[in-house]
Amino acid sequence: MNSLFITENAEDKAAYKKMMAQTVEAICNAFDSSAAYSGPEPYELKQKIHLDSILPENGLGWEKVLSLTEEKILPNMLRTPSSDYMPHLHGPAVLESLAAEAVISAYNQSMDSWDQSPAATEIELAVIRCLCDLYNFGQHSDGVFTSGGTQSNQTAILLARDWYCTEKLKVDIRKCGLPENFKKLRLYTSEISHFSIEKAAQMFGLGSDAVVKIPVDEKRRMSVPALRAHIEQDVSVGNLPFLVVGTVGTTDFGSIDPLEEIAGLCAQYGMWFHADAAYGSGVILSETYKARVSALELCDSITVDFHKLFLLPISCSAVLVKDSRDFDALTIHADYLNRVEDEEDGYTNLVDKSLQTTRRFDALKVWMSFLCRGKSGWSEIITKSMENASYLYQLLLQKRCFYVVTEPEISSVVFRFVSGSENDDEINRRIRRTLLHGYGIVIGQTVADGHVCLKFTLLNPLMTHEKLENLVSIIQDEGKKLA
Ligand SMILES: *Cc1c(COP(=O)(O)O)cnc(C)c1O
């Protein structure tokens with residue numbers, strides 16, 4: 001049998017080193033242009049990557065598999081580090097985090113119990129402590145890494161539901177299930193919040209009817225007067241408002257809900273306040289702009305996504321909770337895993353706080369990249385993205401053929417090409433397709449106020465003003481050709 005694992009054995013080490021070196025070489029060779037995408041449309045791509053069998057009778061061996069990977073896959077991969085790539089909150093991963101991924105996979109620790117990840121558990125605890133301090137969450141706070149913003153939101157909503165039922169309704173929801181009057185529970189979030197909020201309400205037995213969608217103002221922020229009116233109305237008819245989910249960086253616009261005012265309402269009505277900061281959490285590292293998100297300290301829980309503005313590889317996210325006792329809602333003891341006596345002897349079993357069981361050591365990526373670049377390095381990266389967004393906004397405002405939906409608060413700019421014809425929706429759609437297949441430039445598309453819009457999500461600090469100017473003139477030219 002060929003080498004299976006990295007062991008203390010010299011032959012295994014040599015095999016590992018060779019595979020890794022060849023892989024790194026192949027990746028570097030495939031970065032042969034600055035374009036984000038090589039261009040093929042779906043049907044063409046299916047043909048290019050086709051193999052008759054992926055599970056042959058006898059293995060092809062490493063060299064052959066490497067060359068197939070080089071031939072079929074790497075040239076067609078999206079190059080996320082390209083500054084031509086900007087459709088979603090999905091960006092490139094900084095170099096040191098690629099090294100971290102190598103460590104994570106080589107050791108393959110699982111974060112559920114201390115005996116599966118001794119050092120990794122202690123590192124995750126230290127990183128969580130650092131994050132709680134970063135968001136000024138106080139000494140009773142705690143948190144856990146998750147698979148993404150979706151799971152972070154799910155965790156927070158579940159904890160909020162259980163806290164409300166236990167503390168306010170005096171119902172043991174873990175044992176008895178939802179209280180009899182569960183149809184009266186209400187959670188409030190803006191009409192443009194992430195769909196994972198509504199999905200969580202569906203999953204946790206509350207149903208979409210429990211989700212009250214609050215309108216946004218012209219800056220795409222939750223309207224506080226409307227929120228207050230809905231809560232008061234619900235209270236007056238005997239409904240049970242238990243949670244507000246504010247968004248700190250909406251997925252499309254990057255708008256930030258008015259956290260201070262929402263926190264005031266939550267305190268007044270005895271509700272949990274969760275901040276979905278999957279996008280905006282990174283702003284805390286910008287020395288210039290951190291005040292925009294400093295009110296996160298007023299929330300009961302925060303979703304932090306590291307695979308967005310923080311530029312770390314998927315998956316990497318955390319949920320922070322101001323009162324660590326709220327995590328008790330997720331603890332179930334299993335004889336084979338997280339024994340009660342472990343805890344008493346100082347062995348932390350992180351499964352007690354998590355919706356997952358087997359879980360990656362993603363905290364290492366934060367540990368390595370925070371240490372590598374420090375506050376100043378990270379501030380420069382995040383500030384640069386935000387300044388690029390303001391620059392693009394100003395640039396578009398100066399041109400009569402563009403309409404910009406709202407001024408960016410983080411790093412997304414949503415706009416449309418306007419020719420004045422009835423075909424503008426179709427023209428904007430076609431501009432995006434032309435950029436993708438004709439130029440290898442990947443931008444976003446969404447709908448605002450009923451009209452198709454284009455979107456630049458500027459996460460990549462390598463983006464320059466000159467390049468933005470160039471992109472805007474390409475869009476202008478293509479738009480004019482289509483009009
Ligand atoms: C991306 C995003 C999410 C979902 O996060 P994933 O990491 O993709 O699961 C949730 N909320 C907001 C505001 C987001 O932008």
# chains A, B, ... in the order shown; residues from 1 in each chain; ligands from 1
>>> residues_near_ligand(ligand="ligand 1", cutoff="10 Å", atoms="only C-alpha atoms and all ligand atoms", output="ChimeraX atom specification")
/A:88-90,146-154,192-197,246-256,275-281,303-309,314-318
>>> select_by_dssp(residues="stretch 275-454 of chain A", states="strand (DSSP E or B)", output="PyMOL selection string")
chain A and resi 275-277+301-305+317-321+402-404+412-417+442-448+451-454
>>> closest_atom_pairs(of="stretch 27-146 of chain A", to="stretch 454-478 of chain A", cutoff="10 Å", atoms="only C-alpha atoms", output="JSON lines")
{"residue": "A:Thr80", "atom": "CA", "partner": "A:Asn460", "partner_atom": "CA", "distance": 9.1}
{"residue": "A:Pro81", "atom": "CA", "partner": "A:Asn460", "partner_atom": "CA", "distance": 7.3}
{"residue": "A:Ser82", "atom": "CA", "partner": "A:Asn460", "partner_atom": "CA", "distance": 8.0}
{"residue": "A:Ser83", "atom": "CA", "partner": "A:Met463", "partner_atom": "CA", "distance": 5.4}
{"residue": "A:Asp84", "atom": "CA", "partner": "A:Met463", "partner_atom": "CA", "distance": 8.4}
{"residue": "A:Tyr85", "atom": "CA", "partner": "A:Asn460", "partner_atom": "CA", "distance": 8.5}
{"residue": "A:Met86", "atom": "CA", "partner": "A:Thr457", "partner_atom": "CA", "distance": 4.9}
{"residue": "A:Pro87", "atom": "CA", "partner": "A:Thr457", "partner_atom": "CA", "distance": 5.8}
{"residue": "A:His88", "atom": "CA", "partner": "A:Thr457", "partner_atom": "CA", "distance": 5.9}
{"residue": "A:Leu89", "atom": "CA", "partner": "A:Thr457", "partner_atom": "CA", "distance": 6.5}
{"residue": "A:His90", "atom": "CA", "partner": "A:Leu459", "partner_atom": "CA", "distance": 8.0}
{"residue": "A:Gly91", "atom": "CA", "partner": "A:Leu459", "partner_atom": "CA", "distance": 6.2}
{"residue": "A:Pro92", "atom": "CA", "partner": "A:Asn460", "partner_atom": "CA", "distance": 7.1}
{"residue": "A:Ala93", "atom": "CA", "partner": "A:Asn460", "partner_atom": "CA", "distance": 9.7}
>>> atom_distance(atom1="atom CA of A:Tyr135", atom2="atom CA of A:Val216")
25.5 Å
>>> select_by_dssp(residues="stretch 323-379 of chain A", states="alpha helix (DSSP H)", output="JSON, numbers by chain")
{"A": [340, 341, 342, 343, 344, 363, 364, 365, 366, 367, 368, 369, 370, 371, 372, 373, 374, 375, 376, 377, 378, 379]}
>>> closest_atom_pairs(of="stretch 28-47 of chain A", to="stretch 432-450 of chain A", cutoff="8 Å", atoms="only C-alpha atoms", output="tab-separated table")
residue	atom	partner	partner_atom	distance
A:Ala35	CA	A:Gly440	CA	5.4
A:Ala36	CA	A:Gly440	CA	5.5
A:Tyr37	CA	A:Gly440	CA	4.6
A:Ser38	CA	A:Gly440	CA	6.0
A:Gly39	CA	A:His437	CA	4.6
A:Pro40	CA	A:His437	CA	6.7
A:Glu41	CA	A:His437	CA	7.2
>>> closest_residue(among="A:Ala200, A:Ile214, A:Val366, A:Val127", to="A:Pro313", atoms="only C-alpha atoms")
A:Val366
>>> closest_atom_pairs(of="stretch 340-434 of chain A", to="stretch 289-296 of chain A", cutoff="10 Å", atoms="only C-alpha atoms", output="JSON lines")
{"residue": "A:Ser379", "atom": "CA", "partner": "A:Tyr289", "partner_atom": "CA", "distance": 9.2}
{"residue": "A:Ile382", "atom": "CA", "partner": "A:Tyr289", "partner_atom": "CA", "distance": 9.0}
{"residue": "A:Thr383", "atom": "CA", "partner": "A:Tyr289", "partner_atom": "CA", "distance": 7.2}
{"residue": "A:Met386", "atom": "CA", "partner": "A:Tyr289", "partner_atom": "CA", "distance": 8.5}
{"residue": "A:Glu387", "atom": "CA", "partner": "A:Tyr289", "partner_atom": "CA", "distance": 9.9}
{"residue": "A:Glu409", "atom": "CA", "partner": "A:Arg292", "partner_atom": "CA", "distance": 8.2}
{"residue": "A:Ile410", "atom": "CA", "partner": "A:Tyr289", "partner_atom": "CA", "distance": 8.9}
>>> closest_residue(among="A:Met77, A:Ala363, A:Met111, A:Ala156", to="A:Leu337", atoms="only C-alpha atoms")
A:Met111
>>> closest_residue(among="A:Asn239, A:Gln233, A:Ser301, A:Thr166", to="A:Gly138", atoms="only C-alpha atoms")
A:Ser301
>>> atom_distance(atom1="atom CA of A:Leu240", atom2="atom CA of A:Arg221")
23.9 Å
>>> residues_around(residues="stretch 113-119 of chain A", least_positions_apart="4", cutoff="10 Å", atoms="only C-alpha atoms", output="list in words")
Tyr107, Asn108, Gln109, Ile123, Glu124, Leu125, Leu337, Asn338, Arg339, Asp342, Glu343, Gly346, Tyr347, Thr348, Asn349, Leu350, Val351, Asp352, Thr357, Thr358, Arg359, Arg360 and Phe361 of chain A
>>> write_last_selection(atoms="N, CA, C and O atoms", output="tab-separated table (two decimals), in the first residue's frame")
chain	number	residue	atom	x	y	z
A	107	TYR	N	-3.78	17.71	10.71
A	107	TYR	CA	-4.01	17.15	12.05
A	107	TYR	C	-5.45	16.68	12.26
A	107	TYR	O	-5.71	15.87	13.13
A	108	ASN	N	-6.37	17.24	11.48
A	108	ASN	CA	-7.75	16.78	11.50
A	108	ASN	C	-8.34	16.61	12.91
A	108	ASN	O	-8.86	15.56	13.27
A	109	GLN	N	-8.23	17.68	13.69
A	109	GLN	CA	-8.79	17.66	15.05
A	109	GLN	C	-10.31	17.83	14.95
A	109	GLN	O	-10.80	18.48	14.04
A	123	ILE	N	-7.08	26.75	22.02
A	123	ILE	CA	-6.93	27.88	21.09
A	123	ILE	C	-8.29	28.49	20.77
A	123	ILE	O	-8.46	29.71	20.77
A	124	GLU	N	-9.28	27.64	20.51
A	124	GLU	CA	-10.62	28.21	20.22
A	124	GLU	C	-11.10	29.05	21.41
A	124	GLU	O	-11.64	30.15	21.22
A	125	LEU	N	-10.90	28.55	22.62
A	125	LEU	CA	-11.32	29.31	23.81
A	125	LEU	C	-10.63	30.66	23.86
A	125	LEU	O	-11.25	31.69	24.14
A	337	LEU	N	-18.86	10.94	25.34
A	337	LEU	CA	-18.28	12.15	24.77
A	337	LEU	C	-17.96	13.23	25.79
A	337	LEU	O	-16.81	13.51	26.08
A	338	ASN	N	-19.00	13.82	26.35
A	338	ASN	CA	-18.81	15.00	27.21
A	338	ASN	C	-19.33	14.71	28.62
A	338	ASN	O	-20.34	15.25	29.03
A	339	ARG	N	-18.59	13.88	29.31
A	339	ARG	CA	-19.00	13.47	30.65
A	339	ARG	C	-19.00	14.64	31.62
A	339	ARG	O	-18.19	15.55	31.50
A	342	ASP	N	-15.70	15.43	33.39
A	342	ASP	CA	-14.69	16.11	32.59
A	342	ASP	C	-14.65	17.59	32.92
A	342	ASP	O	-13.60	18.19	33.15
A	343	GLU	N	-15.84	18.17	32.89
A	343	GLU	CA	-15.98	19.60	33.13
A	343	GLU	C	-15.39	19.98	34.48
A	343	GLU	O	-14.67	20.95	34.60
A	346	GLY	N	-11.72	20.43	34.49
A	346	GLY	CA	-11.11	21.43	33.62
A	346	GLY	C	-10.99	21.02	32.16
A	346	GLY	O	-10.34	21.70	31.38
A	347	TYR	N	-11.59	19.91	31.77
A	347	TYR	CA	-11.60	19.53	30.36
A	347	TYR	C	-12.82	20.17	29.71
A	347	TYR	O	-13.94	19.87	30.09
A	348	THR	N	-12.59	21.05	28.74
A	348	THR	CA	-13.72	21.70	28.08
A	348	THR	C	-14.15	20.89	26.87
A	348	THR	O	-13.32	20.57	26.02
A	349	ASN	N	-15.43	20.56	26.80
A	349	ASN	CA	-15.97	19.87	25.63
A	349	ASN	C	-16.86	20.85	24.88
A	349	ASN	O	-17.98	21.13	25.30
A	350	LEU	N	-16.34	21.37	23.77
A	350	LEU	CA	-17.03	22.48	23.10
A	350	LEU	C	-18.36	22.07	22.47
A	350	LEU	O	-19.16	22.93	22.11
A	351	VAL	N	-18.61	20.77	22.34
A	351	VAL	CA	-19.89	20.32	21.80
A	351	VAL	C	-21.06	20.88	22.62
A	351	VAL	O	-22.16	21.06	22.11
A	352	ASP	N	-20.79	21.19	23.91
A	352	ASP	CA	-21.84	21.71	24.79
A	352	ASP	C	-22.44	23.02	24.29
A	352	ASP	O	-23.51	23.42	24.74
A	357	THR	N	-21.65	18.46	15.90
A	357	THR	CA	-20.86	17.58	16.76
A	357	THR	C	-19.43	17.61	16.22
A	357	THR	O	-18.64	18.45	16.64
A	358	THR	N	-19.09	16.75	15.26
A	358	THR	CA	-17.76	16.84	14.66
A	358	THR	C	-17.62	18.21	14.01
A	358	THR	O	-18.51	18.65	13.28
A	359	ARG	N	-16.52	18.89	14.30
A	359	ARG	CA	-16.42	20.28	13.83
A	359	ARG	C	-14.97	20.64	13.55
A	359	ARG	O	-14.06	20.16	14.21
A	360	ARG	N	-14.75	21.48	12.52
A	360	ARG	CA	-13.40	21.86	12.11
A	360	ARG	C	-12.73	22.82	13.10
A	360	ARG	O	-13.38	23.59	13.77
A	361	PHE	N	-11.39	22.82	13.05
A	361	PHE	CA	-10.61	23.73	13.88
A	361	PHE	C	-10.42	25.07	13.15
A	361	PHE	O	-9.31	25.49	12.86
>>> atom_distance(atom1="atom CA of A:Ile157", atom2="atom CA of A:Glu261")
20.3 Å
>>> closest_residue(among="A:Ala14, A:Met271, A:Ile73, A:Ile54", to="A:Glu167", atoms="only C-alpha atoms")
A:Met271
>>> residues_around(residues="A:Val211", least_positions_apart="4", cutoff="9 Å", atoms="only C-alpha atoms", output="count of residues only")
10
>>> residues_around(residues="A:Leu74", least_positions_apart="2", cutoff="10 Å", atoms="only C-alpha atoms", output="PyMOL selection string")
chain A and resi 26-31+68-72+76-79
>>> decode(residues="stretch 123-155 of chain A", atoms="N, CA and C atoms", output="tab-separated table (two decimals), in the first residue's frame")
chain	number	residue	atom	x	y	z
A	123	ILE	N	-7.08	26.75	22.02
A	123	ILE	CA	-6.93	27.88	21.09
A	123	ILE	C	-8.29	28.49	20.77
A	124	GLU	N	-9.28	27.64	20.51
A	124	GLU	CA	-10.62	28.21	20.22
A	124	GLU	C	-11.10	29.05	21.41
A	125	LEU	N	-10.90	28.55	22.62
A	125	LEU	CA	-11.32	29.31	23.81
A	125	LEU	C	-10.63	30.66	23.86
A	126	ALA	N	-9.32	30.66	23.54
A	126	ALA	CA	-8.56	31.92	23.58
A	126	ALA	C	-9.03	32.88	22.49
A	127	VAL	N	-9.34	32.35	21.30
A	127	VAL	CA	-9.80	33.21	20.21
A	127	VAL	C	-11.17	33.80	20.56
A	128	ILE	N	-12.04	32.97	21.12
A	128	ILE	CA	-13.37	33.45	21.51
A	128	ILE	C	-13.24	34.58	22.55
A	129	ARG	N	-12.30	34.40	23.49
A	129	ARG	CA	-12.08	35.45	24.50
A	129	ARG	C	-11.67	36.76	23.82
A	130	CYS	N	-10.74	36.64	22.86
A	130	CYS	CA	-10.26	37.81	22.13
A	130	CYS	C	-11.41	38.50	21.39
A	131	LEU	N	-12.29	37.68	20.78
A	131	LEU	CA	-13.42	38.26	20.04
A	131	LEU	C	-14.40	38.96	20.98
A	132	CYS	N	-14.67	38.32	22.11
A	132	CYS	CA	-15.59	38.93	23.09
A	132	CYS	C	-15.03	40.29	23.53
A	133	ASP	N	-13.71	40.38	23.69
A	133	ASP	CA	-13.10	41.66	24.06
A	133	ASP	C	-13.20	42.67	22.91
A	134	LEU	N	-12.97	42.18	21.69
A	134	LEU	CA	-13.00	43.05	20.52
A	134	LEU	C	-14.36	43.73	20.39
A	135	TYR	N	-15.44	43.00	20.67
A	135	TYR	CA	-16.78	43.58	20.56
A	135	TYR	C	-17.28	44.10	21.91
A	136	ASN	N	-16.36	44.18	22.88
A	136	ASN	CA	-16.67	44.77	24.19
A	136	ASN	C	-17.87	44.09	24.84
A	137	PHE	N	-17.82	42.77	24.88
A	137	PHE	CA	-18.97	41.99	25.29
A	137	PHE	C	-18.98	41.65	26.78
A	138	GLY	N	-17.93	42.06	27.51
A	138	GLY	CA	-17.94	41.86	28.96
A	138	GLY	C	-17.49	40.48	29.39
A	139	GLN	N	-17.22	40.35	30.68
A	139	GLN	CA	-16.54	39.15	31.17
A	139	GLN	C	-17.44	37.92	31.26
A	140	HIS	N	-18.77	38.10	31.20
A	140	HIS	CA	-19.64	36.92	31.28
A	140	HIS	C	-19.99	36.35	29.91
A	141	SER	N	-19.39	36.94	28.86
A	141	SER	CA	-19.74	36.53	27.51
A	141	SER	C	-19.01	35.24	27.12
A	142	ASP	N	-19.48	34.65	26.04
A	142	ASP	CA	-18.87	33.42	25.55
A	142	ASP	C	-19.25	33.29	24.07
A	143	GLY	N	-18.76	32.27	23.42
A	143	GLY	CA	-19.08	32.09	22.01
A	143	GLY	C	-18.57	30.76	21.52
A	144	VAL	N	-18.85	30.48	20.26
A	144	VAL	CA	-18.41	29.22	19.68
A	144	VAL	C	-18.27	29.42	18.17
A	145	PHE	N	-17.36	28.68	17.57
A	145	PHE	CA	-17.23	28.73	16.11
A	145	PHE	C	-18.33	27.90	15.47
A	146	THR	N	-18.77	28.34	14.28
A	146	THR	CA	-19.85	27.65	13.57
A	146	THR	C	-19.45	27.49	12.10
A	147	SER	N	-20.33	26.88	11.34
A	147	SER	CA	-20.03	26.64	9.93
A	147	SER	C	-20.27	27.86	9.06
A	148	GLY	N	-20.92	28.89	9.60
A	148	GLY	CA	-21.19	30.09	8.81
A	148	GLY	C	-22.22	30.97	9.48
A	149	GLY	N	-22.53	32.08	8.83
A	149	GLY	CA	-23.50	33.02	9.38
A	149	GLY	C	-24.86	32.38	9.58
A	150	THR	N	-25.22	31.48	8.68
A	150	THR	CA	-26.52	30.82	8.79
A	150	THR	C	-26.61	30.07	10.12
A	151	GLN	N	-25.59	29.27	10.41
A	151	GLN	CA	-25.63	28.50	11.66
A	151	GLN	C	-25.47	29.41	12.88
A	152	SER	N	-24.70	30.48	12.75
A	152	SER	CA	-24.58	31.42	13.87
A	152	SER	C	-25.94	32.04	14.18
A	153	ASN	N	-26.66	32.43	13.12
A	153	ASN	CA	-28.01	32.99	13.33
A	153	ASN	C	-28.94	31.95	13.94
A	154	GLN	N	-28.87	30.73	13.44
A	154	GLN	CA	-29.73	29.67	13.99
A	154	GLN	C	-29.46	29.48	15.48
A	155	THR	N	-28.19	29.45	15.84
A	155	THR	CA	-27.84	29.24	17.25
A	155	THR	C	-28.42	30.36	18.10
